[in-house]
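*Asks:* Provided below: model_9.cif, containing mmCIF, C-alpha atoms.
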```cif
data_target
#
loop_
_atom_site.label_atom_id
_atom_site.label_comp_id
_atom_site.auth_asym_id
_atom_site.auth_seq_id
_atom_site.Cartn_x
_atom_site.Cartn_y
_atom_site.Cartn_z
CA MET B 14 1.78 12.77 9.28
CA THR B 15 3.89 12.85 6.13
CA ARG B 16 5.36 9.98 4.16
CA HIS B 17 6.96 10.21 0.73
CA VAL B 18 7.20 7.76 -2.13
CA ARG B 19 10.80 7.59 -3.27
CA ARG B 20 10.13 5.60 -6.41
CA THR B 21 7.52 3.80 -8.44
CA GLY B 22 7.08 0.07 -8.73
CA PRO B 23 8.36 -1.79 -11.79
CA ALA B 24 6.85 -0.58 -15.05
CA PRO B 25 4.77 -3.07 -17.02
CA THR B 26 6.29 -4.40 -20.23
CA THR B 27 4.68 -5.31 -23.55
CA ASP B 28 5.75 -6.86 -26.84
CA ALA B 29 2.83 -5.37 -28.80
CA PRO B 30 3.50 -3.17 -31.86
CA VAL B 31 3.73 0.55 -31.10
CA ARG B 32 1.10 2.64 -32.92
CA GLN B 33 0.97 6.43 -33.09
CA GLU B 34 -1.30 6.81 -30.08
CA SER B 35 0.74 4.24 -28.16
CA LEU B 36 3.91 6.12 -29.05
CA ARG B 37 2.41 9.34 -27.71
CA ALA B 38 1.41 7.60 -24.45
CA HIS B 39 4.86 6.00 -24.23
CA ASN B 40 6.66 9.33 -24.60
CA LEU B 41 4.36 11.01 -22.12
CA ALA B 42 5.03 8.27 -19.56
CA LEU B 43 8.76 8.46 -20.28
CA VAL B 44 8.85 12.18 -19.50
CA PHE B 45 6.61 11.82 -16.48
CA ARG B 46 8.78 9.07 -14.98
CA GLN B 47 11.80 11.38 -15.20
CA ILE B 48 9.94 13.94 -13.11
CA VAL B 49 8.87 11.23 -10.64
CA ALA B 50 12.43 9.95 -10.38
CA ALA B 51 13.71 13.43 -9.53
CA ASP B 52 12.13 12.86 -6.09
CA GLY B 53 11.02 16.46 -5.52
CA ARG B 54 14.01 18.11 -7.18
CA PRO B 55 12.85 20.63 -9.82
CA ILE B 56 13.78 19.40 -13.28
CA SER B 57 13.83 21.66 -16.35
CA ARG B 58 12.42 21.05 -19.81
CA ILE B 59 15.95 21.14 -21.26
CA GLU B 60 17.07 18.48 -18.79
CA LEU B 61 14.06 16.34 -19.74
CA ALA B 62 15.01 16.59 -23.40
CA HIS B 63 18.56 15.56 -22.59
CA GLU B 64 17.50 12.62 -20.38
CA THR B 65 14.84 11.24 -22.72
CA GLY B 66 16.34 12.02 -26.13
CA LEU B 67 13.08 13.67 -27.23
CA THR B 68 13.08 16.97 -29.14
CA ARG B 69 12.40 20.20 -27.29
CA PRO B 70 9.09 20.83 -29.13
CA THR B 71 7.94 17.34 -28.12
CA ILE B 72 8.97 17.98 -24.53
CA SER B 73 7.11 21.31 -24.53
CA ARG B 74 3.92 19.66 -25.83
CA ILE B 75 4.10 16.85 -23.27
CA VAL B 76 4.82 19.21 -20.38
CA ASP B 77 1.85 21.36 -21.39
CA GLU B 78 -0.35 18.25 -21.20
CA LEU B 79 1.05 17.32 -17.81
CA LEU B 80 0.51 20.84 -16.49
CA ALA B 81 -3.06 21.00 -17.79
CA GLY B 82 -3.79 17.58 -16.29
CA ARG B 83 -2.56 18.58 -12.80
CA LEU B 84 0.16 15.95 -12.86
CA VAL B 85 3.04 18.41 -12.59
CA THR B 86 3.45 22.03 -11.63
CA GLU B 87 6.12 24.64 -12.19
CA ALA B 88 8.34 25.25 -9.19
CA GLY B 89 11.48 27.17 -8.36
CA PRO B 90 14.44 27.28 -10.73
CA ALA B 91 15.95 23.95 -11.66
CA PRO B 92 19.61 23.52 -10.69
CA TYR B 93 21.69 25.07 -13.46
CA GLY B 94 25.28 26.25 -13.44
CA GLY B 95 25.35 27.95 -16.83
CA ALA B 96 24.82 31.56 -17.90
CA GLY B 97 21.47 33.11 -18.80
CA ARG B 98 18.06 33.06 -17.20
CA PRO B 99 17.30 30.42 -14.54
CA ARG B 100 15.45 27.45 -15.97
CA VAL B 101 11.90 26.87 -14.73
CA GLY B 102 11.69 23.62 -12.78
CA LEU B 103 8.93 21.01 -12.84
CA VAL B 104 7.79 18.91 -9.87
CA LEU B 105 4.88 16.58 -9.14
CA CYS B 106 1.59 18.34 -8.44
CA ARG B 107 0.14 18.14 -4.94
CA GLN B 108 -3.35 19.03 -6.18
CA GLY B 109 -4.30 16.31 -8.62
CA PRO B 110 -4.88 12.54 -8.46
CA ALA B 111 -4.85 10.80 -5.10
CA GLY B 112 -5.22 7.22 -3.86
CA LEU B 113 -7.42 5.93 -1.04
CA GLY B 114 -6.39 3.07 1.24
CA LEU B 115 -8.63 1.27 3.75
CA ASP B 116 -7.66 -1.20 6.45
CA ILE B 117 -9.39 -3.45 9.01
CA ARG B 118 -7.63 -3.78 12.36
CA ALA B 119 -8.48 -5.51 15.61
CA ASP B 120 -9.35 -2.27 17.39
CA CYS B 121 -10.13 0.14 14.56
CA LEU B 122 -10.79 0.77 10.89
CA ALA B 123 -8.41 3.07 9.01
CA ALA B 124 -8.60 5.28 5.93
CA CYS B 125 -5.72 7.06 4.22
CA VAL B 126 -5.38 9.43 1.25
CA VAL B 127 -2.00 9.83 -0.47
CA ASP B 128 -1.27 12.41 -3.16
CA LEU B 129 0.89 12.07 -6.25
CA THR B 130 4.04 13.08 -4.36
CA GLY B 131 3.57 10.20 -1.92
CA THR B 132 2.52 12.47 0.93
CA VAL B 133 -0.18 11.29 3.32
CA ARG B 134 -2.86 13.99 3.20
CA HIS B 135 -5.55 12.32 5.28
CA LEU B 136 -5.32 9.57 7.91
CA ALA B 137 -8.38 8.71 10.01
CA PHE B 138 -9.44 5.95 12.39
CA VAL B 139 -12.76 4.83 13.86
CA PRO B 140 -13.22 2.16 16.55
CA ASN B 141 -13.92 -1.39 15.39
CA PRO B 142 -16.57 -2.77 17.78
CA GLY B 143 -15.53 -6.36 17.17
CA LEU B 144 -14.15 -8.90 14.73
CA ASP B 145 -17.26 -11.09 14.81
CA ARG B 146 -19.49 -8.57 13.03
CA PRO B 147 -21.12 -9.47 9.71
CA ALA B 148 -19.16 -8.42 6.64
CA ASP B 149 -22.00 -6.11 5.56
CA ASP B 150 -21.71 -4.08 8.77
CA VAL B 151 -17.93 -3.74 8.54
CA LEU B 152 -18.08 -2.74 4.89
CA ALA B 153 -20.82 -0.19 5.58
CA ASP B 154 -18.53 1.48 8.13
CA LEU B 155 -15.65 1.39 5.66
CA ALA B 156 -17.84 2.94 2.95
CA ALA B 157 -18.67 5.79 5.32
CA MET B 158 -14.98 6.30 6.07
CA ALA B 159 -14.15 6.19 2.36
CA TRP B 160 -16.71 8.86 1.56
CA SER B 161 -15.46 11.09 4.39
CA ALA B 162 -11.90 10.67 3.11
CA ILE B 163 -12.99 11.53 -0.44
CA ARG B 164 -14.71 14.68 0.78
CA ALA B 165 -11.63 15.66 2.80
CA ALA B 166 -9.47 15.12 -0.27
CA THR B 167 -11.78 17.26 -2.39
CA ILE B 168 -11.39 20.18 0.00
CA GLU B 169 -7.66 20.04 -0.74
CA ASN B 170 -8.26 19.96 -4.52
CA LEU B 171 -7.41 16.27 -4.77
CA THR B 172 -9.23 13.72 -6.93
CA VAL B 173 -9.38 10.19 -5.56
CA VAL B 174 -8.87 7.83 -8.49
CA GLY B 175 -9.21 4.48 -6.74
CA ALA B 176 -9.64 2.72 -3.40
CA THR B 177 -7.87 -0.40 -2.13
CA LEU B 178 -8.92 -2.35 0.96
CA ALA B 179 -6.43 -4.45 2.94
CA VAL B 180 -7.82 -7.71 4.36
CA PRO B 181 -6.11 -10.44 6.41
CA GLY B 182 -6.78 -13.35 4.09
CA ALA B 183 -6.70 -14.88 0.62
CA VAL B 184 -8.11 -12.66 -2.13
CA GLN B 185 -9.05 -13.77 -5.64
CA ALA B 186 -9.18 -11.40 -8.62
CA ASN B 187 -8.75 -8.33 -6.38
CA THR B 188 -12.33 -8.54 -5.15
CA LEU B 189 -13.36 -11.96 -3.75
CA VAL B 190 -12.17 -12.79 -0.25
CA ARG B 191 -11.92 -16.57 -0.25
CA PHE B 192 -10.97 -16.96 3.41
CA ALA B 193 -10.10 -14.42 6.10
CA PRO B 194 -9.93 -16.44 9.35
CA PRO B 195 -9.60 -13.46 11.76
CA LEU B 196 -12.81 -11.98 10.34
CA GLY B 197 -14.70 -15.23 9.79
CA TRP B 198 -15.25 -14.31 6.12
CA ARG B 199 -15.54 -16.97 3.42
CA ASP B 200 -16.28 -16.31 -0.26
CA VAL B 201 -17.35 -12.70 0.24
CA ASP B 202 -17.26 -10.42 -2.81
CA VAL B 203 -15.83 -7.57 -0.79
CA GLY B 204 -14.89 -5.40 -3.76
CA ALA B 205 -18.42 -5.37 -5.15
CA LEU B 206 -20.04 -4.78 -1.76
CA LEU B 207 -17.68 -1.98 -0.79
CA GLY B 208 -17.94 -0.32 -4.20
CA HIS B 209 -21.74 -0.43 -3.98
CA GLY B 210 -21.63 0.99 -0.45
CA ILE B 211 -19.44 3.92 -1.46
CA GLY B 212 -21.60 4.61 -4.49
CA ALA B 213 -24.83 4.42 -2.49
CA ARG B 214 -23.46 6.81 0.12
CA ALA B 215 -22.33 9.20 -2.61
CA THR B 216 -25.83 9.10 -4.12
CA THR B 217 -27.44 9.82 -0.74
CA ARG B 218 -25.12 12.71 0.01
CA THR B 219 -25.48 14.28 -3.42
CA ALA B 220 -29.27 14.00 -3.18
CA ARG B 221 -29.07 16.23 -0.10
CA ALA B 222 -26.81 18.66 -1.95
CA PRO B 223 -28.35 19.34 -5.39
CA ALA B 224 -25.28 21.27 -6.51
CA VAL B 225 -23.42 17.97 -6.76
CA THR B 226 -24.45 15.38 -9.32
CA ALA B 227 -25.23 11.87 -8.03
CA LEU B 228 -22.63 9.21 -8.82
CA PRO B 229 -23.13 5.68 -10.13
CA ALA B 230 -22.15 2.93 -7.71
CA ALA B 231 -19.23 1.90 -9.93
CA ALA B 232 -17.80 5.43 -10.18
CA LEU B 233 -14.81 4.68 -7.95
CA PRO B 234 -12.65 1.65 -8.84
CA VAL B 235 -12.36 -0.52 -5.72
CA THR B 236 -9.85 -3.33 -5.33
CA VAL B 237 -9.13 -5.72 -2.47
CA GLU B 238 -5.69 -7.08 -1.60
CA ASN B 239 -4.01 -9.12 1.09
CA GLU B 240 -2.94 -6.93 3.99
CA ALA B 241 0.66 -8.15 4.11
CA ASN B 242 1.09 -7.61 0.37
CA LEU B 243 -0.10 -4.01 0.60
CA ALA B 244 2.11 -3.37 3.60
CA ALA B 245 5.10 -4.73 1.69
CA LEU B 246 4.30 -2.40 -1.22
CA GLY B 247 4.06 0.52 1.19
CA GLU B 248 7.50 -0.31 2.55
CA LEU B 249 8.89 -0.79 -0.96
CA TYR B 250 7.68 2.65 -2.08
CA ALA B 251 8.78 4.39 1.12
CA GLY B 252 12.17 2.71 1.41
CA GLY B 253 15.41 3.69 -0.20
CA GLU B 254 16.66 2.43 -3.55
CA GLU B 255 18.67 -0.29 -1.82
CA LEU B 256 15.51 -1.95 -0.46
CA THR B 257 14.68 -4.28 -3.35
CA ASP B 258 14.66 -7.77 -1.79
CA PHE B 259 12.92 -8.31 1.52
CA ALA B 260 10.15 -10.08 3.38
CA TYR B 261 7.61 -8.02 5.29
CA VAL B 262 6.15 -10.01 8.20
CA SER B 263 2.78 -8.73 9.33
CA GLY B 264 1.70 -9.23 12.91
CA ALA B 265 -1.76 -7.70 12.74
CA LEU B 266 -5.14 -9.48 12.69
CA GLY B 267 -3.50 -12.45 11.01
CA LEU B 268 0.08 -13.40 10.35
CA GLY B 269 1.27 -13.07 6.78
CA ALA B 270 4.26 -12.13 4.69
CA GLY B 271 4.69 -9.87 1.71
CA ILE B 272 7.72 -10.99 -0.28
CA VAL B 273 9.52 -8.58 -2.60
CA LEU B 274 12.20 -9.80 -5.01
CA ASP B 275 14.07 -7.46 -7.35
CA GLY B 276 11.59 -4.70 -6.55
CA ARG B 277 8.54 -6.82 -7.42
CA LEU B 278 5.90 -8.28 -5.14
CA LEU B 279 5.86 -12.09 -5.27
CA ARG B 280 2.14 -12.96 -5.35
CA GLY B 281 2.17 -16.57 -6.53
CA SER B 282 0.46 -17.98 -9.63
CA ARG B 283 -3.04 -17.38 -8.19
CA GLY B 284 -2.25 -14.44 -5.93
CA TRP B 285 -2.43 -16.39 -2.69
CA GLY B 286 1.25 -16.45 -1.76
CA GLY B 287 2.68 -15.16 1.50
CA GLU B 288 0.52 -17.12 3.98
CA LEU B 289 3.41 -17.41 6.40
CA GLY B 290 1.07 -17.85 9.35
CA HIS B 291 0.04 -21.25 8.02
CA VAL B 292 3.55 -22.60 7.53
CA THR B 293 4.03 -25.59 9.83
CA VAL B 294 6.67 -25.03 12.51
CA PHE B 295 5.72 -27.88 14.90
CA PRO B 296 3.98 -30.75 13.04
CA ASP B 297 2.23 -32.17 16.12
CA GLY B 298 1.69 -28.80 17.71
CA ALA B 299 -1.29 -26.71 18.71
CA ARG B 300 -4.44 -26.54 16.62
CA CYS B 301 -4.68 -23.48 14.37
CA PRO B 302 -7.98 -21.72 13.57
CA CYS B 303 -7.50 -22.90 9.96
CA GLY B 304 -7.89 -26.50 11.16
CA ALA B 305 -4.28 -27.65 10.78
CA ARG B 306 -1.80 -28.33 13.55
CA GLY B 307 1.46 -26.59 14.34
CA CYS B 308 0.93 -23.48 12.19
CA LEU B 309 3.10 -20.45 12.95
CA GLN B 310 -0.10 -18.48 13.65
CA ALA B 311 -0.79 -20.67 16.67
CA TYR B 312 2.52 -19.66 18.26
CA ALA B 313 3.33 -16.17 17.00
CA GLY B 314 -0.07 -14.60 16.34
CA MET B 315 -1.26 -11.85 18.67
CA GLU B 316 -3.88 -14.14 20.19
CA ALA B 317 -1.19 -16.68 21.04
CA ILE B 318 1.03 -14.02 22.61
CA LEU B 319 -1.87 -12.79 24.79
CA ALA B 320 -3.32 -16.22 25.56
CA THR B 321 -1.65 -16.37 28.98
CA ALA B 322 -2.37 -12.75 29.90
CA ALA B 323 -4.30 -12.58 33.15
CA GLU B 324 -6.37 -9.51 32.34
CA PRO B 325 -6.21 -8.21 28.76
CA SER B 326 -7.88 -4.82 28.46
CA GLY B 327 -10.15 -5.85 25.62
CA GLY B 328 -8.71 -3.08 23.46
CA SER B 329 -5.92 -3.38 20.94
CA PRO B 330 -4.08 -6.73 21.27
CA VAL B 331 -0.85 -4.98 20.32
CA ALA B 332 -1.30 -2.32 23.00
CA ASP B 333 -2.09 -5.03 25.56
CA ALA B 334 1.01 -7.05 24.64
CA LEU B 335 3.22 -3.96 24.73
CA ALA B 336 1.90 -2.86 28.13
CA LEU B 337 2.37 -6.32 29.62
CA ALA B 338 5.87 -6.67 28.18
CA ASP B 339 6.85 -3.23 29.47
CA ALA B 340 5.53 -4.22 32.88
CA GLY B 341 7.71 -7.35 32.84
CA SER B 342 4.88 -9.88 32.84
CA PRO B 343 6.63 -13.29 32.99
CA GLU B 344 3.84 -14.96 31.01
CA THR B 345 3.91 -12.35 28.25
CA LEU B 346 7.70 -12.34 28.04
CA ALA B 347 7.71 -16.13 27.75
CA ALA B 348 5.03 -15.93 25.04
CA LEU B 349 7.13 -13.39 23.14
CA ASP B 350 10.15 -15.69 23.38
CA ARG B 351 8.10 -18.56 21.94
CA ALA B 352 6.77 -16.29 19.21
CA GLY B 353 10.26 -15.09 18.28
CA THR B 354 11.55 -18.65 18.12
CA ALA B 355 8.66 -19.83 15.95
CA LEU B 356 9.03 -16.81 13.67
CA GLY B 357 12.74 -17.50 13.32
CA ILE B 358 12.11 -21.13 12.34
CA ALA B 359 9.58 -20.15 9.67
CA LEU B 360 11.66 -17.25 8.37
CA ALA B 361 14.77 -19.42 8.10
CA GLY B 362 12.86 -21.64 5.70
CA LEU B 363 11.75 -18.56 3.76
CA VAL B 364 15.33 -17.26 3.51
CA ASN B 365 16.57 -20.65 2.33
CA LEU B 366 13.90 -20.69 -0.40
CA VAL B 367 13.94 -17.15 -1.78
CA ASP B 368 17.17 -15.59 -0.45
CA VAL B 369 15.91 -12.28 0.92
CA GLY B 370 18.49 -10.22 2.79
CA THR B 371 16.14 -8.18 4.96
CA ILE B 372 13.23 -9.09 7.24
CA LEU B 373 10.90 -6.22 8.13
CA LEU B 374 8.77 -6.71 11.23
CA GLY B 375 5.47 -4.96 10.59
CA GLY B 376 2.08 -4.43 12.16
CA GLY B 377 2.16 -5.26 15.85
CA TYR B 378 5.59 -6.82 15.47
CA SER B 379 7.02 -3.39 14.69
CA VAL B 380 6.32 -2.18 18.24
CA LEU B 381 7.22 -5.53 19.83
CA ALA B 382 10.46 -5.90 17.87
CA SER B 383 12.64 -5.36 20.96
CA TRP B 384 11.37 -8.66 22.40
CA LEU B 385 11.29 -10.64 19.14
CA THR B 386 14.41 -9.72 17.18
CA ASP B 387 17.04 -11.63 19.18
CA ARG B 388 15.12 -14.91 19.04
CA ILE B 389 14.49 -14.51 15.31
CA ARG B 390 18.17 -13.80 14.65
CA THR B 391 19.23 -16.83 16.69
CA GLU B 392 17.05 -19.18 14.67
CA LEU B 393 18.11 -17.59 11.39
CA SER B 394 21.79 -17.99 12.24
CA GLN B 395 21.28 -21.68 13.04
CA ARG B 396 18.90 -22.63 10.23
CA ALA B 397 19.40 -20.31 7.23
CA LEU B 398 22.41 -21.52 5.25
CA SER B 399 23.38 -18.15 3.75
CA THR B 400 23.70 -16.43 7.15
CA ARG B 401 27.12 -18.05 7.56
CA TRP B 402 28.54 -15.56 5.05
CA ALA B 403 25.68 -13.07 4.51
CA PRO B 404 23.75 -12.18 7.69
CA VAL B 405 20.07 -11.35 7.31
CA GLU B 406 19.02 -7.93 8.59
CA VAL B 407 15.99 -8.02 10.93
CA ARG B 408 14.43 -4.68 11.82
CA PRO B 409 11.08 -2.93 12.43
CA ALA B 410 9.21 -1.76 9.35
CA LEU B 411 9.48 1.95 8.55
CA LEU B 412 5.74 2.65 8.33
CA GLY B 413 4.76 0.68 11.42
CA PRO B 414 1.10 -0.36 11.81
CA ASP B 415 0.04 2.06 9.02
CA ALA B 416 1.98 0.29 6.26
CA ALA B 417 -1.01 -1.57 4.79
CA VAL B 418 -3.38 1.40 4.62
CA ILE B 419 -0.64 3.59 3.12
CA GLY B 420 0.32 0.83 0.69
CA GLY B 421 -3.31 0.56 -0.36
CA ALA B 422 -3.48 4.27 -1.12
CA LEU B 423 -0.20 4.13 -3.02
CA THR B 424 -1.38 1.39 -5.38
CA SER B 425 -3.76 3.79 -7.16
CA ILE B 426 -1.08 6.47 -7.32
CA ASP B 427 1.37 3.95 -8.77
CA ARG B 428 -1.08 3.19 -11.59
CA VAL B 429 -1.20 6.89 -12.48
CA ARG B 430 2.58 7.13 -12.34
CA HIS B 431 2.99 4.25 -14.78
CA ASN B 432 0.14 5.28 -17.07
CA PRO B 433 -0.42 9.05 -16.87
CA SER B 434 -2.31 9.00 -20.17
CA SER B 435 -5.18 7.09 -18.56
CA TRP B 436 -5.56 9.83 -15.96
CA LEU B 437 -5.45 12.55 -18.61
CA LEU B 438 -8.13 10.79 -20.67
CA ARG B 439 -10.39 10.36 -17.65
CA ARG B 440 -9.88 13.92 -16.56
CA SER B 441 -10.60 15.33 -20.01
CA GLY B 442 -13.84 13.40 -20.02
CA VAL B 443 -14.78 14.75 -16.62
CA ASP B 444 -13.84 18.32 -17.49
CA GLY B 445 -16.22 18.14 -20.45
CA ARG B 446 -19.19 17.62 -18.16
CA GLU B 447 -21.30 20.25 -16.48
CA ALA B 448 -20.32 21.83 -13.18
CA GLY B 449 -20.99 19.53 -10.27
CA SER B 450 -19.48 16.54 -12.07
CA PRO B 451 -17.76 13.63 -10.27
CA LEU B 452 -14.47 15.55 -10.44
CA ARG B 453 -15.81 18.06 -7.95
CA THR B 454 -16.78 15.29 -5.54
CA GLY B 455 -13.31 13.81 -5.71
CA ILE B 456 -14.26 10.75 -7.77
CA VAL B 457 -13.22 9.94 -11.32
CA ALA B 458 -15.24 7.51 -13.39
CA GLY B 459 -13.54 4.15 -13.58
#
```
Turn the structure described in the file into structure tokens.

*Replies:*
Amino acid sequence: MTRHVRRTGPAPTTDAPVRQESLRAHNLALVFRQIVAADGRPISRIELAHETGLTRPTISRIVDELLAGRLVTEAGPAPYGGAGRPRVGLVLCRQGPAGLGLDIRADCLAACVVDLTGTVRHLAFVPNPGLDRPADDVLADLAAMAWSAIRAATIENLTVVGATLAVPGAVQANTLVRFAPPLGWRDVDVGALLGHGIGARATTRTARAPAVTALPAAALPVTVENEANLAALGELYAGGEELTDFAYVSGALGLGAGIVLDGRLLRGSRGWGGELGHVTVFPDGARCPCGARGCLQAYAGMEAILATAAEPSGGSPVADALALADAGSPETLAALDRAGTALGIALAGLVNLVDVGTILLGGGYSVLASWLTDRIRTELSQRALSTRWAPVEVRPALLGPDAAVIGGALTSIDRVRHNPSSWLLRRSGVDGREAGSPLRTGIVAG
């Protein structure tokens, strides 16, 4: 499986004074972003000088740093119509930093490694025995998957620089899961537990293999993020340049939305935005697992769609719903109609508030889109004011059910793309250690 990042997210801004070292880091990032923006097209040193306004000696020094740090590599000749020798092109390196994404699904756990070019290099799944398991057990399985993914990345000369876990719930400070109703988790410091689990597994493995130095538990930076937000980021990075304003609607374990405006994820002041599943669509309606009545989740969640199914298989809820819909089950088709209507009502309110022009149906909704889209469009046309002159596009998400795990992996890569100096500093520190350092295990000290 191969997916490519077509761009980076918005670069951070600062009003702080620029010192010499900051200027060096700024110029290095400026050059590196030009190579990223070339999207796989070889770009020459002369072209970099022209695009950035930097002198050729400065460009040569920066490129040497990028080459030594495994951020770029020399490729075939850069496009050039003039006379003389062909110009050596530069492209992103496929054997350097990589990001790790992890995801919890109803039927499985997922792990994904993405390299600097945005290519998926490792994608693995293991069965999830059930959603009612203690958090410690789930996180232990995820730690094992993370370590296996790190080892697989190392074989391909990749260095995992960070891991991001997608969870269906509200996350505080990128580590503390306040509430994840589908998992039954409340106030669980998932980031700390998962980081400790990965570190402990690394220590155990390296103890069995003396050639590899044991790692501290905090060696790999671990962050936790809402599943819909990560999926939206995955779609943002994988989509074309025109995809800058959209809402990603996740029909997975929970029901959430990742909202992107002007190329930026809208998180809310405390990071808890996008809980579309708990928007009220029918005030006196059915009771939601959150305790409120009439939430969208109670009508359009996977459990609601399958509630009338005579004999669900007990496997993936999405697979069950798809099989029953394909078979023409009247109960399932009616449930999908209700879900589409409820989604349309909620999304019309979202469009009226934030004026997104595209709705991406993700997670399970991406494979059930054929039965949901018409109802959603009908409600949008009747309830969203702007659709009278600017119709809203509703379509399946590009990355399908893998959007969140890919988006998680891409978040670490995006940090490197915006701040290549941090990677170079970490790598220089690792290279100065003895053989068998964390670099050889695929982990860089955080």

*Asks:* Could you state which residues are captured by the PyMOL selection byres ((chain B and resi 349) around 8) in this file, as JSON, numbers by chain?

*Replies:* {"B": [313, 318, 345, 346, 347, 348, 350, 351, 352, 353, 384, 385]}

*Asks:* Quick one, how far is CA of Gly143 (chain B) from CA of Pro330 (chain B)?

*Replies:*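 Separation between CA of Gly143 (chain B) and CA of Pro330 (chain B): 12.2 Å.
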
*Asks:* Record the distance separating CA of Phe295 (chain B) and CA of Gly307 (chain B), expressed in Å with one decimal.

*Replies:* 4.5 Å

*Asks:* Find the distance between CA of Ser379 (chain B) and CA of Pro409 (chain B) and write it in Å to one decimal.

*Replies:* 4.7 Å

*Asks:* Any idea what's packed within 9 Å of Pro302 (chain B), counting only C-alpha atoms, ignoring anything in its chain fewer than 2 positions away? Could you give it as a PDB file with C-alpha atoms, in the coordinates of the input?

*Replies:*
```pdb
ATOM      1  CA  PRO B 194      -9.930 -16.440   9.350  1.00  0.00           C
ATOM      2  CA  PRO B 195      -9.600 -13.460  11.760  1.00  0.00           C
ATOM      3  CA  ARG B 300      -4.440 -26.540  16.620  1.00  0.00           C
ATOM      4  CA  GLY B 304      -7.890 -26.500  11.160  1.00  0.00           C
ATOM      5  CA  ALA B 305      -4.280 -27.650  10.780  1.00  0.00           C
ATOM      6  CA  GLN B 310      -0.100 -18.480  13.650  1.00  0.00           C
ATOM      7  CA  ALA B 311      -0.790 -20.670  16.670  1.00  0.00           C
TER       8      ALA B 311
END
```

*Asks:* Expand the PyMOL selection byres ((chain B and resi 202-210) around 8) into the explicit residue set it covers here, and present it as an NGL selection string.

*Replies:* :B and (149 or 152-153 or 155-156 or 187-190 or 200-201 or 211-214 or 230-231 or 233-237)

*Asks:* Next, write the just-selected residues to a file, as a PDB file, in the frame of the given file, keeping C-alpha atoms as the atom set.

*Replies:*
```pdb
ATOM      1  CA  ASP B 149     -22.000  -6.110   5.560  1.00  0.00           C
ATOM      2  CA  LEU B 152     -18.080  -2.740   4.890  1.00  0.00           C
ATOM      3  CA  ALA B 153     -20.820  -0.190   5.580  1.00  0.00           C
ATOM      4  CA  LEU B 155     -15.650   1.390   5.660  1.00  0.00           C
ATOM      5  CA  ALA B 156     -17.840   2.940   2.950  1.00  0.00           C
ATOM      6  CA  ASN B 187      -8.750  -8.330  -6.380  1.00  0.00           C
ATOM      7  CA  THR B 188     -12.330  -8.540  -5.150  1.00  0.00           C
ATOM      8  CA  LEU B 189     -13.360 -11.960  -3.750  1.00  0.00           C
ATOM      9  CA  VAL B 190     -12.170 -12.790  -0.250  1.00  0.00           C
ATOM     10  CA  ASP B 200     -16.280 -16.310  -0.260  1.00  0.00           C
ATOM     11  CA  VAL B 201     -17.350 -12.700   0.240  1.00  0.00           C
ATOM     12  CA  ILE B 211     -19.440   3.920  -1.460  1.00  0.00           C
ATOM     13  CA  GLY B 212     -21.600   4.610  -4.490  1.00  0.00           C
ATOM     14  CA  ALA B 213     -24.830   4.420  -2.490  1.00  0.00           C
ATOM     15  CA  ARG B 214     -23.460   6.810   0.120  1.00  0.00           C
ATOM     16  CA  ALA B 230     -22.150   2.930  -7.710  1.00  0.00           C
ATOM     17  CA  ALA B 231     -19.230   1.900  -9.930  1.00  0.00           C
ATOM     18  CA  LEU B 233     -14.810   4.680  -7.950  1.00  0.00           C
ATOM     19  CA  PRO B 234     -12.650   1.650  -8.840  1.00  0.00           C
ATOM     20  CA  VAL B 235     -12.360  -0.520  -5.720  1.00  0.00           C
ATOM     21  CA  THR B 236      -9.850  -3.330  -5.330  1.00  0.00           C
ATOM     22  CA  VAL B 237      -9.130  -5.720  -2.470  1.00  0.00           C
TER      23      VAL B 237
END
```

*Asks:* Counting only C-alpha atoms, which residue out of B:Thr68, B:Glu254, B:Ala265, B:Val184 sits closest to Asp120 (chain B)?

*Replies:*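 With only C-alpha atoms as the atom set, the closest residue is B:Ala265.
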
*Asks:* For Gly182 (chain B), which residue out of B:Gly413, B:Gly298, B:Gly420, B:Gly287 is the nearest one, using only C-alpha atoms?

*Replies:*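 Answer, going by the shortest atom-to-atom distance: B:Gly287.
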
*Asks:* Pick from B:Val104, B:Ala417, B:Ala241, B:Val139: nearest to Ala270 (chain B), with all atoms listed in the file counted?

*Replies:*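 Closest to Ala270 (chain B), using all atoms listed in the file: B:Ala241.
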
*Asks:* With only C-alpha atoms as the counted atoms, please give the residues lying no more than 10 Å from Asp415 (chain B), apart from itself and same-chain residues fewer than 4 positions off, as a ChimeraX atom specification.

*Replies:* /B:116,123-125,136,244,247,375-376,410-411,419-420

*Asks:* Any chance you could resolve the PyMOL selection byres ((chain B and resi 80-86) around 9) against this file and give the residues as a compact mmCIF listing (two decimals) with C-alpha atoms, in the frame of the given file?

*Replies:*
```
# COMPACT_ATOMS: atom_id res chain seq x y z
CA PHE B 45 6.61 11.82 -16.48
CA ILE B 48 9.94 13.94 -13.11
CA ILE B 75 4.10 16.85 -23.27
CA VAL B 76 4.82 19.21 -20.38
CA ASP B 77 1.85 21.36 -21.39
CA GLU B 78 -0.35 18.25 -21.20
CA LEU B 79 1.05 17.32 -17.81
CA GLU B 87 6.12 24.64 -12.19
CA ALA B 88 8.34 25.25 -9.19
CA GLY B 102 11.69 23.62 -12.78
CA LEU B 103 8.93 21.01 -12.84
CA VAL B 104 7.79 18.91 -9.87
CA LEU B 105 4.88 16.58 -9.14
CA CYS B 106 1.59 18.34 -8.44
CA ARG B 107 0.14 18.14 -4.94
CA GLN B 108 -3.35 19.03 -6.18
CA GLY B 109 -4.30 16.31 -8.62
CA PRO B 110 -4.88 12.54 -8.46
CA LEU B 129 0.89 12.07 -6.25
CA PRO B 433 -0.42 9.05 -16.87
CA TRP B 436 -5.56 9.83 -15.96
CA LEU B 437 -5.45 12.55 -18.61
CA ARG B 440 -9.88 13.92 -16.56
CA SER B 441 -10.60 15.33 -20.01
```
